[in-house]
$ cat upload-v3.pdb   # PDB, C-alpha atoms
ATOM      1  CA  MET A   1     -25.911  12.758 -12.538
ATOM      2  CA  SER A   2     -27.274  12.234 -16.037
ATOM      3  CA  SER A   3     -30.000   9.854 -14.898
ATOM      4  CA  ALA A   4     -31.366  12.513 -12.513
ATOM      5  CA  MET A   5     -31.528  15.274 -15.131
ATOM      6  CA  ILE A   6     -33.204  13.576 -18.040
ATOM      7  CA  THR A   7     -36.335  11.536 -17.523
ATOM      8  CA  PRO A   8     -36.894   9.278 -20.494
ATOM      9  CA  ALA A   9     -39.176   6.293 -20.402
ATOM     10  CA  GLY A  10     -38.331   3.825 -17.630
ATOM     11  CA  GLY A  11     -36.742   1.278 -19.938
ATOM     12  CA  ALA A  12     -34.368   3.782 -21.506
ATOM     13  CA  ARG A  13     -33.286   5.126 -18.141
ATOM     14  CA  GLU A  14     -32.585   1.643 -16.871
ATOM     15  CA  ALA A  15     -30.554   0.936 -19.978
ATOM     16  CA  LEU A  16     -28.541   4.124 -19.405
ATOM     17  CA  GLU A  17     -27.840   3.231 -15.785
ATOM     18  CA  HIS A  18     -26.816  -0.253 -16.837
ATOM     19  CA  GLU A  19     -24.391   1.209 -19.396
ATOM     20  CA  GLU A  20     -22.928   3.587 -16.793
ATOM     21  CA  LYS A  21     -22.419   0.732 -14.318
ATOM     22  CA  LYS A  22     -20.716  -1.370 -16.945
ATOM     23  CA  SER A  23     -18.348   1.418 -17.948
ATOM     24  CA  LEU A  24     -17.453   2.057 -14.285
ATOM     25  CA  GLU A  25     -16.771  -1.649 -13.767
ATOM     26  CA  ALA A  26     -14.429  -1.546 -16.768
ATOM     27  CA  ARG A  27     -12.595   1.383 -15.172
ATOM     28  CA  GLU A  28     -12.195  -0.518 -11.902
ATOM     29  CA  PHE A  29     -10.703  -3.422 -13.831
ATOM     30  CA  GLY A  30      -8.369  -1.046 -15.685
ATOM     31  CA  PHE A  31      -7.277   0.478 -12.402
ATOM     32  CA  TRP A  32      -6.592  -2.998 -11.016
ATOM     33  CA  ILE A  33      -4.280  -3.690 -13.999
ATOM     34  CA  TYR A  34      -2.488  -0.400 -13.292
ATOM     35  CA  LEU A  35      -2.002  -1.460  -9.655
ATOM     36  CA  MET A  36      -0.496  -4.766 -10.754
ATOM     37  CA  THR A  37       1.986  -2.972 -13.061
ATOM     38  CA  ASP A  38       2.825  -0.657 -10.160
ATOM     39  CA  ALA A  39       3.468  -3.763  -8.038
ATOM     40  CA  VAL A  40       5.954  -4.969 -10.668
ATOM     41  CA  LEU A  41       7.664  -1.551 -10.599
ATOM     42  CA  PHE A  42       8.016  -1.668  -6.807
ATOM     43  CA  ALA A  43       9.192  -5.303  -6.909
ATOM     44  CA  LEU A  44      12.070  -4.301  -9.196
ATOM     45  CA  LEU A  45      13.009  -1.389  -6.917
ATOM     46  CA  PHE A  46      13.037  -3.945  -4.068
ATOM     47  CA  ALA A  47      15.340  -6.190  -6.120
ATOM     48  CA  THR A  48      17.635  -3.218  -6.813
ATOM     49  CA  TYR A  49      17.753  -2.432  -3.105
ATOM     50  CA  ALA A  50      18.426  -6.059  -2.156
ATOM     51  CA  VAL A  51      21.389  -6.150  -4.554
ATOM     52  CA  LEU A  52      22.842  -2.806  -3.392
ATOM     53  CA  ALA A  53      21.947  -2.999   0.334
ATOM     54  CA  GLY A  54      25.497  -3.875   1.394
ATOM     55  CA  ASN A  55      27.329  -1.374  -0.816
ATOM     56  CA  PHE A  56      28.054   1.362   1.719
ATOM     57  CA  ALA A  57      31.130   2.675  -0.148
ATOM     58  CA  ASP A  58      32.732   3.662   3.198
ATOM     59  CA  GLY A  59      29.733   5.937   3.831
ATOM     60  CA  PRO A  60      27.216   5.610   6.679
ATOM     61  CA  THR A  61      25.696   2.133   7.118
ATOM     62  CA  SER A  62      22.028   1.271   7.472
ATOM     63  CA  LYS A  63      22.580   0.396  11.135
ATOM     64  CA  GLU A  64      23.818   3.926  11.848
ATOM     65  CA  LEU A  65      21.020   5.614   9.910
ATOM     66  CA  PHE A  66      17.785   3.716  10.627
ATOM     67  CA  ASP A  67      15.725   4.384  13.741
ATOM     68  CA  LEU A  68      13.348   1.519  14.534
ATOM     69  CA  GLY A  69      11.036   3.665  16.690
ATOM     70  CA  HIS A  70      10.590   6.181  13.878
ATOM     71  CA  VAL A  71       9.764   3.384  11.414
ATOM     72  CA  ALA A  72       7.283   1.845  13.878
ATOM     73  CA  GLY A  73       5.549   5.246  14.063
ATOM     74  CA  GLU A  74       5.329   5.510  10.264
ATOM     75  CA  THR A  75       4.011   1.940  10.065
ATOM     76  CA  ALA A  76       1.329   2.657  12.679
ATOM     77  CA  LEU A  77       0.178   5.818  10.857
ATOM     78  CA  LEU A  78      -0.129   4.020   7.516
ATOM     79  CA  LEU A  79      -1.911   0.989   8.972
ATOM     80  CA  LEU A  80      -4.377   3.213  10.871
ATOM     81  CA  SER A  81      -5.021   5.238   7.706
ATOM     82  CA  SER A  82      -5.897   2.015   5.880
ATOM     83  CA  LEU A  83      -8.494   1.294   8.580
ATOM     84  CA  THR A  84      -9.969   4.818   8.446
ATOM     85  CA  PHE A  85     -10.229   4.609   4.645
ATOM     86  CA  GLY A  86     -12.073   1.320   5.164
ATOM     87  CA  PHE A  87     -14.506   3.139   7.490
ATOM     88  CA  ALA A  88     -15.024   5.807   4.790
ATOM     89  CA  THR A  89     -15.917   3.007   2.346
ATOM     90  CA  LEU A  90     -18.370   1.588   4.893
ATOM     91  CA  ALA A  91     -19.992   5.025   5.381
ATOM     92  CA  MET A  92     -20.335   5.251   1.586
ATOM     93  CA  GLY A  93     -22.213   1.939   1.626
ATOM     94  CA  GLU A  94     -24.644   3.488   4.134
ATOM     95  CA  ASP A  95     -25.096   6.667   1.982
ATOM     96  CA  ARG A  96     -23.801   8.948   4.729
ATOM     97  CA  ALA A  97     -21.864  11.612   2.839
ATOM     98  CA  GLY A  98     -20.965  13.588   5.986
ATOM     99  CA  ARG A  99     -19.387  10.526   7.582
ATOM    100  CA  VAL A 100     -17.502   9.721   4.382
ATOM    101  CA  ILE A 101     -15.963  13.209   4.428
ATOM    102  CA  GLN A 102     -15.024  12.912   8.126
ATOM    103  CA  TRP A 103     -13.281   9.555   7.668
ATOM    104  CA  LEU A 104     -11.532  10.746   4.496
ATOM    105  CA  ALA A 105     -10.316  13.855   6.328
ATOM    106  CA  LEU A 106      -8.924  11.674   9.131
ATOM    107  CA  THR A 107      -7.221   9.439   6.546
ATOM    108  CA  LEU A 108      -5.729  12.549   4.950
ATOM    109  CA  VAL A 109      -4.367  13.764   8.309
ATOM    110  CA  LEU A 110      -2.771  10.352   8.978
ATOM    111  CA  GLY A 111      -1.297  10.266   5.461
ATOM    112  CA  VAL A 112       0.131  13.778   5.779
ATOM    113  CA  CYS A 113       1.626  12.901   9.204
ATOM    114  CA  PHE A 114       3.281   9.872   7.569
ATOM    115  CA  LEU A 115       4.717  12.094   4.833
ATOM    116  CA  ALA A 116       5.935  14.596   7.435
ATOM    117  CA  MET A 117       7.734  11.815   9.357
ATOM    118  CA  GLU A 118       9.312  10.585   6.130
ATOM    119  CA  MET A 119      10.448  14.118   5.222
ATOM    120  CA  VAL A 120      12.020  14.507   8.693
ATOM    121  CA  GLU A 121      13.836  11.190   8.190
ATOM    122  CA  PHE A 122      15.091  12.074   4.684
ATOM    123  CA  TYR A 123      16.121  15.581   5.734
ATOM    124  CA  GLY A 124      17.981  14.255   8.800
ATOM    125  CA  MET A 125      19.830  11.714   6.658
ATOM    126  CA  ILE A 126      20.883  14.305   4.059
ATOM    127  CA  GLU A 127      22.010  16.653   6.887
ATOM    128  CA  LYS A 128      24.202  13.833   8.248
ATOM    129  CA  GLY A 129      25.865  13.516   4.851
ATOM    130  CA  ALA A 130      23.855  10.467   3.828
ATOM    131  CA  GLY A 131      22.168  11.731   0.665
ATOM    132  CA  PRO A 132      21.293   9.565  -2.346
ATOM    133  CA  ASP A 133      24.626  10.389  -4.046
ATOM    134  CA  VAL A 134      26.826   8.881  -1.293
ATOM    135  CA  SER A 135      26.629   5.128  -1.953
ATOM    136  CA  GLY A 136      24.808   2.445  -3.885
ATOM    137  CA  PHE A 137      22.902   1.557  -0.721
ATOM    138  CA  LEU A 138      21.642   5.126  -0.274
ATOM    139  CA  SER A 139      20.753   5.554  -3.978
ATOM    140  CA  ALA A 140      18.643   2.393  -3.853
ATOM    141  CA  PHE A 141      17.130   3.398  -0.494
ATOM    142  CA  PHE A 142      16.014   6.841  -1.665
ATOM    143  CA  ALA A 143      14.733   5.435  -4.977
ATOM    144  CA  LEU A 144      12.573   2.784  -3.282
ATOM    145  CA  VAL A 145      11.293   4.640  -0.204
ATOM    146  CA  GLY A 146      11.042   7.918  -2.152
ATOM    147  CA  THR A 147       8.873   6.308  -4.857
ATOM    148  CA  HIS A 148       6.549   4.991  -2.150
ATOM    149  CA  GLY A 149       6.437   8.434  -0.509
ATOM    150  CA  LEU A 150       5.606  10.023  -3.876
ATOM    151  CA  HIS A 151       2.721   7.557  -4.286
ATOM    152  CA  VAL A 152       1.415   8.442  -0.819
ATOM    153  CA  ALA A 153       1.621  12.148  -1.738
ATOM    154  CA  PHE A 154      -0.462  11.519  -4.883
ATOM    155  CA  GLY A 155      -2.903   9.467  -2.794
ATOM    156  CA  ALA A 156      -3.235  12.418  -0.387
ATOM    157  CA  ILE A 157      -3.993  14.746  -3.325
ATOM    158  CA  GLY A 158      -6.558  12.177  -4.496
ATOM    159  CA  ILE A 159      -8.221  12.206  -1.072
ATOM    160  CA  CYS A 160      -8.447  16.034  -1.206
ATOM    161  CA  VAL A 161     -10.086  15.820  -4.650
ATOM    162  CA  MET A 162     -12.553  13.148  -3.482
ATOM    163  CA  ILE A 163     -13.509  15.143  -0.363
ATOM    164  CA  GLY A 164     -14.316  18.009  -2.734
ATOM    165  CA  GLN A 165     -16.297  15.755  -5.081
ATOM    166  CA  VAL A 166     -18.364  14.212  -2.268
ATOM    167  CA  MET A 167     -19.125  17.739  -0.983
ATOM    168  CA  VAL A 168     -20.074  19.190  -4.370
ATOM    169  CA  LYS A 169     -21.552  16.239  -6.279
ATOM    170  CA  GLY A 170     -22.700  13.979  -3.446
ATOM    171  CA  LEU A 171     -22.438  10.194  -3.536
ATOM    172  CA  THR A 172     -23.317   9.689  -7.216
ATOM    173  CA  LEU A 173     -22.404   6.507  -9.070
ATOM    174  CA  PRO A 174     -19.183   7.904 -10.657
ATOM    175  CA  VAL A 175     -18.056   9.439  -7.338
ATOM    176  CA  ARG A 176     -18.563   6.083  -5.593
ATOM    177  CA  SER A 177     -16.540   4.327  -8.258
ATOM    178  CA  ARG A 178     -13.682   6.854  -7.927
ATOM    179  CA  LEU A 179     -13.711   6.449  -4.139
ATOM    180  CA  ILE A 180     -13.467   2.665  -4.503
ATOM    181  CA  ARG A 181     -10.511   3.043  -6.886
ATOM    182  CA  LEU A 182      -8.758   5.509  -4.574
ATOM    183  CA  GLY A 183      -9.337   3.022  -1.737
ATOM    184  CA  LEU A 184      -7.681   0.251  -3.754
ATOM    185  CA  PHE A 185      -4.702   2.576  -4.329
ATOM    186  CA  TRP A 186      -4.438   3.505  -0.647
ATOM    187  CA  HIS A 187      -4.609  -0.100   0.613
ATOM    188  CA  PHE A 188      -2.085  -1.089  -2.065
ATOM    189  CA  LEU A 189       0.396   1.495  -0.737
ATOM    190  CA  ASP A 190       0.071  -0.025   2.720
ATOM    191  CA  ILE A 191       0.959  -3.436   1.221
ATOM    192  CA  VAL A 192       4.085  -1.920  -0.389
ATOM    193  CA  TRP A 193       5.028  -0.474   3.013
ATOM    194  CA  ILE A 194       4.945  -3.996   4.533
ATOM    195  CA  GLY A 195       7.632  -4.883   2.007
ATOM    196  CA  ILE A 196       9.639  -1.758   2.836
ATOM    197  CA  PHE A 197       9.841  -2.364   6.575
ATOM    198  CA  SER A 198      10.457  -6.102   6.071
ATOM    199  CA  VAL A 199      13.163  -5.719   3.417
ATOM    200  CA  VAL A 200      14.735  -2.335   4.190
ATOM    201  CA  TYR A 201      14.340  -1.300   7.821
ATOM    202  CA  LEU A 202      14.162  -4.492   9.902
ATOM    203  CA  PRO A 203      17.170  -6.236   8.267
ATOM    204  CA  GLY A 204      18.884  -2.819   8.134
ATOM    205  CA  VAL A 205      19.036  -2.283  11.892
ATOM    206  CA  MET A 206      20.247  -5.795  12.730
TER     207      MET A 206
ATOM    208  CA  MET B   1     -26.616  -0.845  10.267
ATOM    209  CA  THR B   2     -27.359  -3.370   7.540
ATOM    210  CA  GLU B   3     -26.079  -6.924   7.599
ATOM    211  CA  GLN B   4     -23.637  -6.196   4.762
ATOM    212  CA  THR B   5     -22.045  -3.206   6.527
ATOM    213  CA  GLU B   6     -21.750  -5.175   9.738
ATOM    214  CA  ARG B   7     -19.924  -7.958   7.900
ATOM    215  CA  ASP B   8     -17.596  -5.445   6.235
ATOM    216  CA  LEU B   9     -16.942  -3.711   9.563
ATOM    217  CA  THR B  10     -15.951  -7.040  11.126
ATOM    218  CA  SER B  11     -13.734  -7.698   8.116
ATOM    219  CA  TYR B  12     -11.854  -4.386   8.462
ATOM    220  CA  LEU B  13     -11.438  -4.761  12.239
ATOM    221  CA  THR B  14     -10.263  -8.392  11.950
ATOM    222  CA  GLY B  15      -7.802  -7.359   9.244
ATOM    223  CA  PHE B  16      -6.524  -4.475  11.358
ATOM    224  CA  ALA B  17      -6.018  -6.686  14.426
ATOM    225  CA  LEU B  18      -4.229  -9.388  12.405
ATOM    226  CA  ALA B  19      -2.033  -6.791  10.657
ATOM    227  CA  LEU B  20      -1.157  -5.263  14.027
ATOM    228  CA  VAL B  21      -0.067  -8.643  15.432
ATOM    229  CA  LEU B  22       1.885  -9.539  12.270
ATOM    230  CA  THR B  23       3.689  -6.175  12.426
ATOM    231  CA  ALA B  24       4.374  -6.368  16.168
ATOM    232  CA  ILE B  25       6.012  -9.826  15.945
ATOM    233  CA  PRO B  26       8.927  -8.909  13.604
ATOM    234  CA  PHE B  27       9.388  -5.422  15.129
ATOM    235  CA  GLY B  28       9.415  -6.890  18.660
ATOM    236  CA  LEU B  29      11.879  -9.641  17.747
ATOM    237  CA  VAL B  30      14.281  -7.207  16.078
ATOM    238  CA  TRP B  31      13.879  -4.667  18.883
ATOM    239  CA  ALA B  32      14.583  -7.141  21.676
ATOM    240  CA  GLU B  33      17.237  -8.962  19.603
ATOM    241  CA  LEU B  34      15.630 -12.271  20.553
ATOM    242  CA  LEU B  35      16.662 -14.150  17.439
ATOM    243  CA  SER B  36      19.748 -13.996  15.281
ATOM    244  CA  GLY B  37      21.067 -15.539  12.101
ATOM    245  CA  PRO B  38      18.829 -16.924   9.366
ATOM    246  CA  ALA B  39      15.922 -17.603  11.783
ATOM    247  CA  ILE B  40      15.036 -13.917  12.170
ATOM    248  CA  TYR B  41      14.937 -13.430   8.368
ATOM    249  CA  VAL B  42      12.615 -16.430   8.055
ATOM    250  CA  VAL B  43      10.267 -14.985  10.709
ATOM    251  CA  ILE B  44      10.276 -11.521   9.063
ATOM    252  CA  GLY B  45       9.592 -13.109   5.664
ATOM    253  CA  ILE B  46       6.730 -15.295   6.862
ATOM    254  CA  ALA B  47       5.131 -12.421   8.810
ATOM    255  CA  ALA B  48       5.381 -10.157   5.735
ATOM    256  CA  VAL B  49       3.815 -12.705   3.363
ATOM    257  CA  LEU B  50       0.993 -13.418   5.849
ATOM    258  CA  GLN B  51       0.355  -9.699   6.327
ATOM    259  CA  VAL B  52       0.176  -9.093   2.566
ATOM    260  CA  LEU B  53      -2.429 -11.889   2.377
ATOM    261  CA  VAL B  54      -4.344 -10.357   5.322
ATOM    262  CA  HIS B  55      -4.415  -6.980   3.516
ATOM    263  CA  LEU B  56      -5.565  -8.565   0.242
ATOM    264  CA  VAL B  57      -8.372 -10.513   1.896
ATOM    265  CA  PHE B  58      -9.629  -8.139   4.611
ATOM    266  CA  PHE B  59      -8.899  -4.670   3.147
ATOM    267  CA  LEU B  60      -9.018  -5.258  -0.621
ATOM    268  CA  HIS B  61     -11.783  -7.885  -0.111
ATOM    269  CA  LEU B  62     -10.262 -10.405  -2.512
ATOM    270  CA  ASN B  63     -11.885 -13.803  -2.407
ATOM    271  CA  LEU B  64     -12.466 -16.698  -4.737
ATOM    272  CA  LYS B  65     -16.264 -16.212  -4.954
ATOM    273  CA  SER B  66     -17.125 -12.540  -5.619
ATOM    274  CA  THR B  67     -13.881 -11.137  -7.044
ATOM    275  CA  PRO B  68     -14.006 -11.174 -10.884
ATOM    276  CA  VAL B  69     -11.817 -13.963 -12.182
ATOM    277  CA  GLU B  70      -9.940 -11.491 -14.457
ATOM    278  CA  ASN B  71      -8.704  -9.555 -11.411
ATOM    279  CA  LEU B  72      -7.371 -12.723  -9.790
ATOM    280  CA  PHE B  73      -5.825 -13.705 -13.126
ATOM    281  CA  PHE B  74      -3.909 -10.409 -13.330
ATOM    282  CA  LEU B  75      -2.843 -10.704  -9.694
ATOM    283  CA  GLY B  76      -1.441 -14.151 -10.471
ATOM    284  CA  PHE B  77       0.198 -12.862 -13.660
ATOM    285  CA  ALA B  78       1.868 -10.004 -11.757
ATOM    286  CA  ALA B  79       3.023 -12.486  -9.097
ATOM    287  CA  VAL B  80       4.604 -14.723 -11.769
ATOM    288  CA  LEU B  81       6.323 -11.710 -13.404
ATOM    289  CA  ILE B  82       7.645 -10.571 -10.028
ATOM    290  CA  VAL B  83       8.976 -14.030  -9.146
ATOM    291  CA  ILE B  84      10.758 -14.344 -12.508
ATOM    292  CA  MET B  85      12.215 -10.822 -12.597
ATOM    293  CA  VAL B  86      13.093 -10.367  -8.913
ATOM    294  CA  GLY B  87      14.138 -13.971  -8.370
ATOM    295  CA  GLY B  88      16.162 -13.983 -11.599
ATOM    296  CA  SER B  89      17.879 -10.658 -10.842
ATOM    297  CA  LEU B  90      18.821 -11.745  -7.324
ATOM    298  CA  TRP B  91      20.032 -15.135  -8.549
ATOM    299  CA  ILE B  92      22.299 -13.547 -11.177
ATOM    300  CA  MET B  93      23.624 -10.784  -8.928
ATOM    301  CA  ILE B  94      24.295 -13.029  -5.918
ATOM    302  CA  ASP B  95      26.012 -15.571  -8.145
ATOM    303  CA  LEU B  96      28.110 -12.779  -9.680
ATOM    304  CA  HIS B  97      28.991 -11.520  -6.226
ATOM    305  CA  HIS B  98      30.248 -14.992  -5.219
ATOM    306  CA  ARG B  99      32.377 -15.290  -8.349
ATOM    307  CA  MET B 100      33.927 -11.851  -7.859
ATOM    308  CA  MET B 101      35.018 -12.616  -4.301
TER     309      MET B 101
END

$ encode --input "upload-v3.pdb" --output "structure tokens"
Amino acid sequence: MSSAMITPAGGAREALEHEEKKSLEAREFGFWIYLMTDAVLFALLFATYAVLAGNFADGPTSKELFDLGHVAGETALLLLSSLTFGFATLAMGEDRAGRVIQWLALTLVLGVCFLAMEMVEFYGMIEKGAGPDVSGFLSAFFALVGTHGLHVAFGAIGICVMIGQVMVKGLTLPVRSRLIRLGLFWHFLDIVWIGIFSVVYLPGVM
Amino acid sequence: MTEQTERDLTSYLTGFALALVLTAIPFGLVWAELLSGPAIYVVIGIAAVLQVLVHLVFFLHLNLKSTPVENLFFLGFAAVLIVIMVGGSLWIMIDLHHRMM
């Protein structure tokens, strides 16, 4: 935005743009470090779950609680949303703000559907008397899957904010950088979900 | 459509197709109860690791040429931390479990 408003001599403007690019690159690197620390956090929740997965404490077991079809639906929604976010990134590369907003909106719908399915699952489990306070298995389950759900919820808020920014500010350099970072976050959450269905749900129903 | 966008589009679609296959294999096997015992866990594990790599390469566009070396360094560092902490925790807890039996 700043480069459009002030018009100093060519050299100075170029220097400003160069500075802005460099600072945005630094932010992308910082965000990458955050993602790696988040990966460590999730890895430890996975370890906690793996240790406690068999501790049913005479409560409901994973085989009674998990529904493979439901999980397949959640997986499909999240994987599709990763693809639609990719399409939004592609539209950004082509400078088509309208398309970016459309793809982001579709990603948001898919993300919200995922959250709705997860809420239905959690609510159904608590109704059946399988809340997080029942056994070590359920505490670890709600901690791990709930943390992922919370991340998806924050990602959905982020998508809302970015739709607003693309509408109001257009595809400026800072907006592009924020979109790229949000994309990294969204794809990262899909990677965590791979771990969740491979460690929690698939072994849980066998 | 520029050449760059076309390449990226192919990358996303390839990644999506591969991810779909790598998800369908473990889900299908568990659904149909085709395998049992340790074999099914091995298949689920391999499919998961491959799918994480597919996501990193095709969605996060990690590669050895254009990705800054610092990013790869931190990815490797996080991987080492995870192996030590998760592997160590599981080792201790499983060992403890055996001794308590």

$ interface_residues --input "upload-v3.pdb" --of "chain A" --to "chain B" --cutoff "6 Å" --atoms "all atoms listed in the file" --output "list of chain:residue names"
A:Met36, A:Val40, A:Ala47, A:Ile191

$ write_last_selection --input "upload-v3.pdb" --atoms "C-alpha atoms" --output "mmCIF file, in the frame of the given file"
data_model
loop_
_atom_site.group_PDB
_atom_site.id
_atom_site.type_symbol
_atom_site.label_atom_id
_atom_site.label_comp_id
_atom_site.auth_asym_id
_atom_site.auth_seq_id
_atom_site.Cartn_x
_atom_site.Cartn_y
_atom_site.Cartn_z
ATOM 1 C CA MET A 36 -0.496 -4.766 -10.754
ATOM 2 C CA VAL A 40 5.954 -4.969 -10.668
ATOM 3 C CA ALA A 47 15.340 -6.190 -6.120
ATOM 4 C CA ILE A 191 0.959 -3.436 1.221
#

$ atom_distance --input "upload-v3.pdb" --atom1 "CA of Lys128 in chain A" --atom2 "CA of Gly59 in chain A"
10.6 Å

$ resolve_selection --input "upload-v3.pdb" --expression "the PyMOL selection byres ((chain A and resi 118) around 12)" --output "tab-separated table (two decimals) with C-alpha atoms, keeping the file's coordinate frame"
chain	number	residue	atom	x	y	z
A	66	PHE	CA	17.78	3.72	10.63
A	67	ASP	CA	15.72	4.38	13.74
A	70	HIS	CA	10.59	6.18	13.88
A	71	VAL	CA	9.76	3.38	11.41
A	72	ALA	CA	7.28	1.84	13.88
A	73	GLY	CA	5.55	5.25	14.06
A	74	GLU	CA	5.33	5.51	10.26
A	75	THR	CA	4.01	1.94	10.06
A	77	LEU	CA	0.18	5.82	10.86
A	78	LEU	CA	-0.13	4.02	7.52
A	111	GLY	CA	-1.30	10.27	5.46
A	112	VAL	CA	0.13	13.78	5.78
A	113	CYS	CA	1.63	12.90	9.20
A	114	PHE	CA	3.28	9.87	7.57
A	115	LEU	CA	4.72	12.09	4.83
A	116	ALA	CA	5.94	14.60	7.44
A	117	MET	CA	7.73	11.82	9.36
A	119	MET	CA	10.45	14.12	5.22
A	120	VAL	CA	12.02	14.51	8.69
A	121	GLU	CA	13.84	11.19	8.19
A	122	PHE	CA	15.09	12.07	4.68
A	123	TYR	CA	16.12	15.58	5.73
A	124	GLY	CA	17.98	14.26	8.80
A	125	MET	CA	19.83	11.71	6.66
A	142	PHE	CA	16.01	6.84	-1.66
A	145	VAL	CA	11.29	4.64	-0.20
A	146	GLY	CA	11.04	7.92	-2.15
A	147	THR	CA	8.87	6.31	-4.86
A	148	HIS	CA	6.55	4.99	-2.15
A	149	GLY	CA	6.44	8.43	-0.51
A	150	LEU	CA	5.61	10.02	-3.88
A	152	VAL	CA	1.42	8.44	-0.82
A	153	ALA	CA	1.62	12.15	-1.74

$ closest_residue --input "upload-v3.pdb" --among "A:Phe31, A:Leu184, A:Thr48, A:Thr89" --to "Leu62 in chain B" --atoms "only C-alpha atoms"
A:Leu184

$ resolve_selection --input "upload-v3.pdb" --expression "the PyMOL selection byres ((chain A and resi 166-170) around 10)" --output "list of chain:residue names"
A:Met1, A:Met92, A:Asp95, A:Arg96, A:Ala97, A:Gly98, A:Val100, A:Ile101, A:Val161, A:Met162, A:Ile163, A:Gly164, A:Gln165, A:Leu171, A:Thr172, A:Leu173, A:Pro174, A:Val175, A:Arg176, A:Leu179

$ write_last_selection --input "upload-v3.pdb" --atoms "C-alpha atoms" --output "CSV table (one decimal), keeping the file's coordinate frame"
chain,number,residue,atom,x,y,z
A,1,MET,CA,-25.9,12.8,-12.5
A,92,MET,CA,-20.3,5.3,1.6
A,95,ASP,CA,-25.1,6.7,2.0
A,96,ARG,CA,-23.8,8.9,4.7
A,97,ALA,CA,-21.9,11.6,2.8
A,98,GLY,CA,-21.0,13.6,6.0
A,100,VAL,CA,-17.5,9.7,4.4
A,101,ILE,CA,-16.0,13.2,4.4
A,161,VAL,CA,-10.1,15.8,-4.6
A,162,MET,CA,-12.6,13.1,-3.5
A,163,ILE,CA,-13.5,15.1,-0.4
A,164,GLY,CA,-14.3,18.0,-2.7
A,165,GLN,CA,-16.3,15.8,-5.1
A,171,LEU,CA,-22.4,10.2,-3.5
A,172,THR,CA,-23.3,9.7,-7.2
A,173,LEU,CA,-22.4,6.5,-9.1
A,174,PRO,CA,-19.2,7.9,-10.7
A,175,VAL,CA,-18.1,9.4,-7.3
A,176,ARG,CA,-18.6,6.1,-5.6
A,179,LEU,CA,-13.7,6.4,-4.1
